[in-house]
>>> print(open('protein_16.cif').read())   # mmCIF, C-alpha atoms and all ligand atoms
data_data
loop_
_atom_site.label_atom_id
_atom_site.label_comp_id
_atom_site.auth_asym_id
_atom_site.auth_seq_id
_atom_site.Cartn_x
_atom_site.Cartn_y
_atom_site.Cartn_z
CA MET R 1 -2.43 -18.25 -9.75
CA TYR R 2 -0.38 -18.95 -6.66
CA THR R 3 -1.28 -21.04 -3.64
CA ASP R 4 1.86 -20.31 -1.68
CA PHE R 5 2.89 -16.86 -0.48
CA GLU R 6 6.62 -17.62 -0.30
CA ARG R 7 6.56 -18.92 -3.86
CA LEU R 8 4.80 -15.74 -4.96
CA LYS R 9 7.44 -13.66 -3.20
CA SER R 10 10.38 -15.56 -4.65
CA ASP R 11 9.00 -15.16 -8.19
CA CYS R 12 8.20 -11.48 -7.63
CA ILE R 13 11.68 -10.59 -6.38
CA ARG R 14 13.12 -12.03 -9.59
CA CYS R 15 10.66 -10.12 -11.81
CA ARG R 16 12.00 -8.43 -14.94
CA ASN R 17 8.66 -7.66 -16.57
CA CYS R 18 9.17 -3.89 -16.87
CA PRO R 19 12.08 -1.44 -17.17
CA LEU R 20 11.91 -0.51 -13.47
CA CYS R 21 13.89 -3.69 -12.77
CA GLU R 22 16.99 -2.20 -14.41
CA LYS R 23 17.73 0.38 -11.73
CA ARG R 24 16.41 -1.25 -8.59
CA THR R 25 18.53 -2.23 -5.61
CA ASN R 26 15.75 -4.36 -4.11
CA VAL R 27 12.27 -5.43 -5.07
CA VAL R 28 9.97 -4.11 -2.34
CA PHE R 29 7.52 -6.98 -2.18
CA GLY R 30 5.65 -6.11 1.03
CA VAL R 31 5.76 -6.81 4.76
CA GLY R 32 3.46 -7.77 7.58
CA ASN R 33 1.05 -10.42 8.67
CA THR R 34 -0.18 -12.51 5.75
CA ASN R 35 -3.31 -13.35 7.77
CA ALA R 36 -4.14 -9.69 8.36
CA ASP R 37 -7.66 -8.28 8.12
CA ILE R 38 -6.28 -5.02 6.76
CA MET R 39 -3.91 -4.26 3.90
CA PHE R 40 -2.35 -0.84 3.32
CA ILE R 41 -1.34 -0.14 -0.24
CA GLY R 42 0.96 2.68 -1.30
CA GLU R 43 2.24 3.76 -4.65
CA GLY R 44 5.79 2.54 -5.02
CA PRO R 45 9.13 2.42 -3.24
CA GLY R 46 11.20 5.53 -2.62
CA GLU R 47 14.94 5.66 -2.06
CA GLN R 48 15.01 4.20 1.46
CA GLU R 49 12.60 1.46 0.48
CA ASP R 50 14.70 0.57 -2.56
CA LEU R 51 17.78 0.36 -0.34
CA THR R 52 16.18 -1.74 2.40
CA GLY R 53 13.59 -3.78 0.48
CA GLU R 54 10.82 -2.78 2.91
CA PRO R 55 7.86 -0.46 2.18
CA PHE R 56 7.39 2.83 4.00
CA VAL R 57 10.65 3.01 5.96
CA GLY R 58 11.55 6.66 5.26
CA ARG R 59 10.18 9.73 7.05
CA GLY R 60 6.72 9.07 5.65
CA GLY R 61 6.89 5.51 6.89
CA LYS R 62 7.73 6.66 10.42
CA LEU R 63 4.67 8.91 10.32
CA LEU R 64 2.54 6.04 9.03
CA ASP R 65 3.75 3.84 11.90
CA LYS R 66 2.60 6.52 14.38
CA TYR R 67 -0.91 6.60 12.92
CA LEU R 68 -1.00 2.81 12.95
CA GLU R 69 0.10 2.72 16.57
CA ALA R 70 -2.67 5.18 17.51
CA VAL R 71 -5.25 2.58 16.48
CA ASP R 72 -3.43 -0.55 17.71
CA LEU R 73 -2.20 -1.58 14.30
CA SER R 74 1.36 -2.51 13.43
CA ARG R 75 3.20 -4.01 10.49
CA LYS R 76 4.79 -6.43 12.97
CA LYS R 77 1.45 -7.68 14.25
CA ASN R 78 -1.80 -7.25 12.40
CA ILE R 79 -1.55 -5.56 9.02
CA TYR R 80 0.14 -6.14 5.68
CA ILE R 81 1.73 -3.29 3.68
CA ALA R 82 2.52 -3.35 -0.03
CA ASN R 83 2.67 -1.03 -3.03
CA ILE R 84 1.15 -0.84 -6.49
CA VAL R 85 4.63 -1.10 -8.02
CA LYS R 86 7.40 -3.08 -6.36
CA CYS R 87 10.44 -1.33 -7.85
CA ARG R 88 11.43 2.31 -7.39
CA PRO R 89 10.54 4.72 -10.19
CA ASP R 90 13.54 7.02 -10.67
CA ASN R 91 13.45 10.36 -8.85
CA ASN R 92 10.26 9.18 -7.13
CA ARG R 93 8.16 10.02 -10.19
CA ASP R 94 4.65 8.57 -10.42
CA PRO R 95 4.74 5.02 -11.78
CA LEU R 96 3.66 4.99 -15.45
CA PRO R 97 0.34 3.34 -16.34
CA GLN R 98 2.19 0.50 -18.15
CA GLU R 99 4.42 -0.08 -15.10
CA GLN R 100 1.36 -0.19 -12.84
CA GLU R 101 -0.45 -2.51 -15.22
CA GLU R 102 2.42 -4.95 -15.32
CA CYS R 103 3.18 -4.90 -11.59
CA ILE R 104 -0.35 -4.95 -10.22
CA LYS R 105 -0.50 -8.65 -11.11
CA TRP R 106 1.74 -9.33 -8.10
CA LEU R 107 -0.47 -7.21 -5.86
CA ARG R 108 -3.59 -9.01 -7.05
CA GLU R 109 -2.04 -12.31 -6.03
CA GLN R 110 -1.04 -10.87 -2.65
CA VAL R 111 -4.62 -9.70 -2.05
CA ARG R 112 -6.03 -13.02 -3.23
CA LEU R 113 -3.87 -15.00 -0.79
CA ILE R 114 -4.17 -12.61 2.18
CA ARG R 115 -7.92 -12.10 1.70
CA PRO R 116 -8.16 -8.85 3.72
CA LYS R 117 -11.50 -7.50 4.89
CA ILE R 118 -10.36 -3.92 4.39
CA ILE R 119 -7.90 -2.30 1.98
CA VAL R 120 -6.60 1.19 2.76
CA CYS R 121 -5.16 3.06 -0.21
CA LEU R 122 -2.40 5.45 0.77
CA GLY R 123 -2.56 8.41 -1.58
CA ARG R 124 -3.92 9.31 -4.98
CA ILE R 125 -2.09 6.82 -7.19
CA SER R 126 -3.20 3.85 -5.12
CA ALA R 127 -6.77 5.09 -4.63
CA GLN R 128 -7.21 5.96 -8.30
CA ARG R 129 -5.89 2.58 -9.31
CA LEU R 130 -7.83 0.49 -6.79
CA ILE R 131 -10.97 2.49 -5.94
CA SER R 132 -11.86 4.79 -8.80
CA PRO R 133 -9.90 6.58 -11.57
CA ASP R 134 -11.32 9.94 -10.52
CA PHE R 135 -10.75 9.49 -6.78
CA LYS R 136 -9.82 12.76 -5.05
CA VAL R 137 -8.14 12.22 -1.70
CA THR R 138 -9.08 15.61 -0.22
CA GLN R 139 -12.71 15.03 -1.13
CA SER R 140 -13.28 11.32 -0.47
CA HIS R 141 -10.70 10.31 2.15
CA GLY R 142 -12.10 8.21 4.97
CA GLU R 143 -15.10 6.95 2.98
CA PHE R 144 -15.60 3.20 2.79
CA ILE R 145 -16.88 1.59 -0.36
CA GLU R 146 -17.31 -2.10 -1.05
CA LYS R 147 -15.62 -3.61 -4.09
CA GLY R 148 -15.63 -7.31 -4.81
CA GLY R 149 -16.41 -8.22 -1.21
CA VAL R 150 -13.65 -6.02 0.24
CA LEU R 151 -14.13 -2.65 1.93
CA MET R 152 -11.91 -0.02 0.39
CA MET R 153 -10.89 3.33 1.84
CA GLY R 154 -8.52 6.00 0.58
CA THR R 155 -6.55 8.32 2.81
CA PHE R 156 -3.68 10.78 2.58
CA HIS R 157 -0.25 9.57 1.53
CA PRO R 158 2.19 10.02 4.46
CA ALA R 159 4.59 11.99 2.24
CA ALA R 160 1.73 14.37 1.37
CA LEU R 161 1.09 14.84 5.10
CA LEU R 162 4.74 15.74 5.62
CA ARG R 163 4.39 18.36 2.89
CA ASN R 164 1.04 19.60 4.15
CA PRO R 165 0.66 19.00 7.90
CA ASN R 166 -2.73 20.78 7.89
CA ASN R 167 -4.25 17.48 6.78
CA LYS R 168 -2.83 15.49 9.70
CA PRO R 169 -5.97 15.75 11.92
CA ALA R 170 -8.17 14.60 9.03
CA ALA R 171 -5.83 11.67 8.40
CA LEU R 172 -5.99 10.67 12.06
CA GLU R 173 -9.80 10.72 11.84
CA ASP R 174 -9.55 8.29 8.92
CA PHE R 175 -7.53 5.91 11.10
CA PHE R 176 -10.11 6.18 13.89
CA ALA R 177 -12.86 5.42 11.36
CA LEU R 178 -10.83 2.40 10.27
CA ARG R 179 -10.57 1.15 13.85
CA GLU R 180 -14.35 1.45 14.24
CA LYS R 181 -15.02 -0.32 10.99
CA LEU R 182 -12.72 -3.16 11.96
CA ALA R 183 -14.37 -3.45 15.39
CA SER R 184 -17.76 -3.80 13.70
CA TYR R 185 -16.45 -6.98 12.00
CA LYS R 186 -15.39 -8.67 15.21
N1 LIG R 201 5.78 5.76 -0.78
C1 LIG R 201 5.00 4.73 -1.14
O1 LIG R 201 3.95 4.91 -1.75
N2 LIG R 201 5.40 3.51 -0.80
C2 LIG R 201 6.51 3.26 -0.12
O2 LIG R 201 6.80 2.10 0.16
C3 LIG R 201 7.29 4.36 0.27
C4 LIG R 201 6.92 5.59 -0.08
#
>>> encode(input="protein_16.cif", output="structure tokens")
Amino acid sequence: MYTDFERLKSDCIRCRNCPLCEKRTNVVFGVGNTNADIMFIGEGPGEQEDLTGEPFVGRGGKLLDKYLEAVDLSRKKNIYIANIVKCRPDNNRDPLPQEQEECIKWLREQVRLIRPKIIVCLGRISAQRLISPDFKVTQSHGEFIEKGGVLMMGTFHPAALLRNPNNKPAALEDFFALREKLASYK
């Protein structure tokens, strides 16, 4: 158990606990405000994220930033963004259950130190891992459920929205619902 976020980060970026470490350029630990009320959690780094060391910086990330901006959220100001796995799975495949199991220890420590009020899962892998193994994004996106004192919500993965823009209005509604939920805490 860590008490210091920088210590957690410096150990994480040296992690060699699973084979994903072999091919990585950078560990994508996470970015944002470590005092944030909201954490966004994706699945794992893609190519651009591996190259830069920052989550959600590709086309999907740009789209995510637009949704965030629409509800006065920003990774530079008031949220924290991380992933289930911190190293890129090759060819952007889904991270294997063993890889998730190993890496989620870092995420648990991040959540424990940040103590968010709300966690938003971006996409199926994150929502199935953190909310419920049978979570279906198209069915249950935008619904808040409480788990261990934290409100959890799943929404569409930005890359899925790029592939299927028909879901963009529904995703925006989820962000509006998030803004309302956050306002009810203040
Ligand atoms: N997809 C994710 O789930 N996370 C990232 O950081 C980038 C793409």
>>> residues_near_ligand(input="protein_16.cif", ligand="ligand LIG 201 (chain R)", cutoff="6 Å", atoms="all atoms listed in the file", output="VMD selection string")
chain R and resid 42 to 46 49 55 to 56 83
>>> residues_around(input="protein_16.cif", residues="R:Gly60", least_positions_apart="5", cutoff="8 Å", atoms="only C-alpha atoms", output="ChimeraX atom specification")
/R:158-159,162
>>> residues_around(input="protein_16.cif", residues="stretch 179-182 of chain R", least_positions_apart="4", cutoff="10 Å", atoms="only C-alpha atoms", output="list in words")
Asp37, Ile38, Leu68, Ala70, Val71, Asp72, Leu73, Lys117, Ile118, Phe144, Leu151, Glu173, Asp174, Phe175 and Lys186 of chain R
>>> residues_around(input="protein_16.cif", residues="R:Leu172", least_positions_apart="6", cutoff="12 Å", atoms="all atoms listed in the file", output="PyMOL selection string")
chain R and resi 63-71+141-142+155-156+158+161+165-166+178-179
>>> closest_residue(input="protein_16.cif", among="R:Tyr2, R:Lys86, R:Pro95, R:Gly61", to="R:Thr25", atoms="all atoms listed in the file")
R:Lys86
>>> residues_around(input="protein_16.cif", residues="R:Leu113", least_positions_apart="6", cutoff="9 Å", atoms="all atoms listed in the file", output="compact mmCIF listing (two decimals) with C-alpha atoms, keeping the file's coordinate frame")
# COMPACT_ATOMS: atom_id res chain seq x y z
CA TYR R 2 -0.38 -18.95 -6.66
CA THR R 3 -1.28 -21.04 -3.64
CA ASP R 4 1.86 -20.31 -1.68
CA PHE R 5 2.89 -16.86 -0.48
CA THR R 34 -0.18 -12.51 5.75
CA ASN R 35 -3.31 -13.35 7.77
>>> atom_distance(input="protein_16.cif", atom1="atom CA of R:Pro116", atom2="atom CA of R:Ile79")
9.1 Å
>>> closest_residue(input="protein_16.cif", among="R:Lys76, R:Leu96, R:Val150, R:Ile145", to="R:Ile114", atoms="all atoms listed in the file")
R:Val150
>>> residues_around(input="protein_16.cif", residues="R:Gly53", least_positions_apart="5", cutoff="12 Å", atoms="all atoms listed in the file", output="count of residues only")
20
>>> atom_distance(input="protein_16.cif", atom1="atom CA of R:Asp50", atom2="atom CA of R:Met152")
26.8 Å
>>> atom_distance(input="protein_16.cif", atom1="atom CA of R:Leu51", atom2="atom CA of R:Gln100")
20.6 Å
>>> closest_residue(input="protein_16.cif", among="R:Arg112, R:Arg163, R:His157, R:Lys62", to="R:Ile41", atoms="all atoms listed in the file")
R:His157
>>> axis_aligned_box(input="protein_16.cif", around="stretch 86-89 of chain R", padding_each_side="4 Å", output="JSON")
{"center_x": 9.4, "center_y": 0.8, "center_z": -8.3, "size_x": 12.0, "size_y": 15.8, "size_z": 11.8}
>>> closest_residue(input="protein_16.cif", among="R:Cys103, R:Met39, R:Cys15, R:Leu122", to="R:Arg75", atoms="all atoms listed in the file")
R:Met39
>>> decode(input="protein_16.cif", residues="stretch 130-141 of chain R", atoms="all heavy atoms", output="mmCIF file, in the first residue's frame")
data_model
loop_
_atom_site.group_PDB
_atom_site.id
_atom_site.type_symbol
_atom_site.label_atom_id
_atom_site.label_comp_id
_atom_site.auth_asym_id
_atom_site.auth_seq_id
_atom_site.Cartn_x
_atom_site.Cartn_y
_atom_site.Cartn_z
ATOM 1 N N LEU R 130 -14.624 -3.340 -13.988
ATOM 2 C CA LEU R 130 -14.821 -2.533 -12.768
ATOM 3 C C LEU R 130 -16.270 -2.486 -12.289
ATOM 4 O O LEU R 130 -16.522 -2.247 -11.113
ATOM 5 C CB LEU R 130 -14.310 -1.104 -12.983
ATOM 6 C CG LEU R 130 -12.817 -0.978 -13.321
ATOM 7 C CD1 LEU R 130 -12.455 0.475 -13.601
ATOM 8 C CD2 LEU R 130 -11.946 -1.508 -12.189
ATOM 9 N N ILE R 131 -17.225 -2.677 -13.206
ATOM 10 C CA ILE R 131 -18.633 -2.588 -12.786
ATOM 11 C C ILE R 131 -19.239 -3.973 -12.668
ATOM 12 O O ILE R 131 -19.653 -4.390 -11.588
ATOM 13 C CB ILE R 131 -19.459 -1.694 -13.740
ATOM 14 C CG1 ILE R 131 -18.875 -0.263 -13.783
ATOM 15 C CG2 ILE R 131 -20.931 -1.653 -13.289
ATOM 16 C CD1 ILE R 131 -19.554 0.679 -14.752
ATOM 17 N N SER R 132 -19.283 -4.696 -13.776
ATOM 18 C CA SER R 132 -19.883 -6.027 -13.747
ATOM 19 C C SER R 132 -19.421 -6.816 -14.972
ATOM 20 O O SER R 132 -19.378 -6.266 -16.083
ATOM 21 C CB SER R 132 -21.408 -5.861 -13.770
ATOM 22 O OG SER R 132 -22.014 -7.033 -14.180
ATOM 23 N N PRO R 133 -19.087 -8.108 -14.782
ATOM 24 C CA PRO R 133 -18.537 -8.902 -15.894
ATOM 25 C C PRO R 133 -19.473 -9.016 -17.094
ATOM 26 O O PRO R 133 -19.018 -9.277 -18.207
ATOM 27 C CB PRO R 133 -18.306 -10.286 -15.278
ATOM 28 C CG PRO R 133 -18.342 -10.090 -13.805
ATOM 29 C CD PRO R 133 -19.141 -8.852 -13.518
ATOM 30 N N ASP R 134 -20.784 -8.804 -16.858
ATOM 31 C CA ASP R 134 -21.693 -8.913 -18.010
ATOM 32 C C ASP R 134 -22.200 -7.541 -18.486
ATOM 33 O O ASP R 134 -23.208 -7.448 -19.177
ATOM 34 C CB ASP R 134 -22.867 -9.851 -17.693
ATOM 35 C CG ASP R 134 -23.610 -9.402 -16.449
ATOM 36 O OD1 ASP R 134 -23.261 -8.331 -15.907
ATOM 37 O OD2 ASP R 134 -24.540 -10.122 -16.023
ATOM 38 N N PHE R 135 -21.460 -6.502 -18.131
ATOM 39 C CA PHE R 135 -21.871 -5.140 -18.516
ATOM 40 C C PHE R 135 -21.940 -5.005 -20.034
ATOM 41 O O PHE R 135 -21.014 -5.366 -20.749
ATOM 42 C CB PHE R 135 -20.867 -4.122 -17.958
ATOM 43 C CG PHE R 135 -21.338 -2.702 -18.063
ATOM 44 C CD1 PHE R 135 -22.002 -2.094 -17.010
ATOM 45 C CD2 PHE R 135 -21.119 -1.955 -19.214
ATOM 46 C CE1 PHE R 135 -22.443 -0.778 -17.101
ATOM 47 C CE2 PHE R 135 -21.559 -0.643 -19.315
ATOM 48 C CZ PHE R 135 -22.222 -0.057 -18.256
ATOM 49 N N LYS R 136 -23.077 -4.474 -20.528
ATOM 50 C CA LYS R 136 -23.202 -4.203 -21.965
ATOM 51 C C LYS R 136 -23.341 -2.692 -22.147
ATOM 52 O O LYS R 136 -24.310 -2.087 -21.675
ATOM 53 C CB LYS R 136 -24.430 -4.910 -22.532
ATOM 54 C CG LYS R 136 -24.278 -6.414 -22.544
ATOM 55 C CD LYS R 136 -25.259 -7.073 -23.504
ATOM 56 C CE LYS R 136 -24.956 -8.559 -23.650
ATOM 57 N NZ LYS R 136 -24.815 -9.254 -22.336
ATOM 58 N N VAL R 137 -22.378 -2.111 -22.847
ATOM 59 C CA VAL R 137 -22.334 -0.648 -22.948
ATOM 60 C C VAL R 137 -23.599 -0.102 -23.604
ATOM 61 O O VAL R 137 -24.199 0.858 -23.114
ATOM 62 C CB VAL R 137 -21.070 -0.186 -23.715
ATOM 63 C CG1 VAL R 137 -21.084 1.322 -23.916
ATOM 64 C CG2 VAL R 137 -19.809 -0.592 -22.961
ATOM 65 N N THR R 138 -24.036 -0.742 -24.704
ATOM 66 C CA THR R 138 -25.207 -0.202 -25.420
ATOM 67 C C THR R 138 -26.463 -0.234 -24.546
ATOM 68 O O THR R 138 -27.339 0.596 -24.687
ATOM 69 C CB THR R 138 -25.488 -0.996 -26.719
ATOM 70 O OG1 THR R 138 -25.382 -2.376 -26.416
ATOM 71 C CG2 THR R 138 -24.506 -0.628 -27.807
ATOM 72 N N GLN R 139 -26.508 -1.171 -23.638
ATOM 73 C CA GLN R 139 -27.682 -1.347 -22.789
ATOM 74 C C GLN R 139 -27.624 -0.481 -21.522
ATOM 75 O O GLN R 139 -28.615 0.125 -21.140
ATOM 76 C CB GLN R 139 -27.703 -2.813 -22.351
ATOM 77 C CG GLN R 139 -29.065 -3.437 -22.196
ATOM 78 C CD GLN R 139 -28.862 -4.937 -22.012
ATOM 79 O OE1 GLN R 139 -28.459 -5.632 -22.957
ATOM 80 N NE2 GLN R 139 -29.090 -5.420 -20.806
ATOM 81 N N SER R 140 -26.467 -0.419 -20.890
ATOM 82 C CA SER R 140 -26.391 0.156 -19.531
ATOM 83 C C SER R 140 -25.565 1.438 -19.434
ATOM 84 O O SER R 140 -25.293 1.907 -18.332
ATOM 85 C CB SER R 140 -25.804 -0.875 -18.571
ATOM 86 O OG SER R 140 -26.590 -2.036 -18.573
ATOM 87 N N HIS R 141 -25.167 1.994 -20.598
ATOM 88 C CA HIS R 141 -24.368 3.230 -20.533
ATOM 89 C C HIS R 141 -25.165 4.328 -19.828
ATOM 90 O O HIS R 141 -26.401 4.383 -19.918
ATOM 91 C CB HIS R 141 -23.978 3.674 -21.950
ATOM 92 C CG HIS R 141 -25.143 4.158 -22.755
ATOM 93 N ND1 HIS R 141 -25.536 5.473 -22.786
ATOM 94 C CD2 HIS R 141 -26.039 3.490 -23.530
ATOM 95 C CE1 HIS R 141 -26.600 5.609 -23.536
ATOM 96 N NE2 HIS R 141 -26.926 4.414 -24.013
#
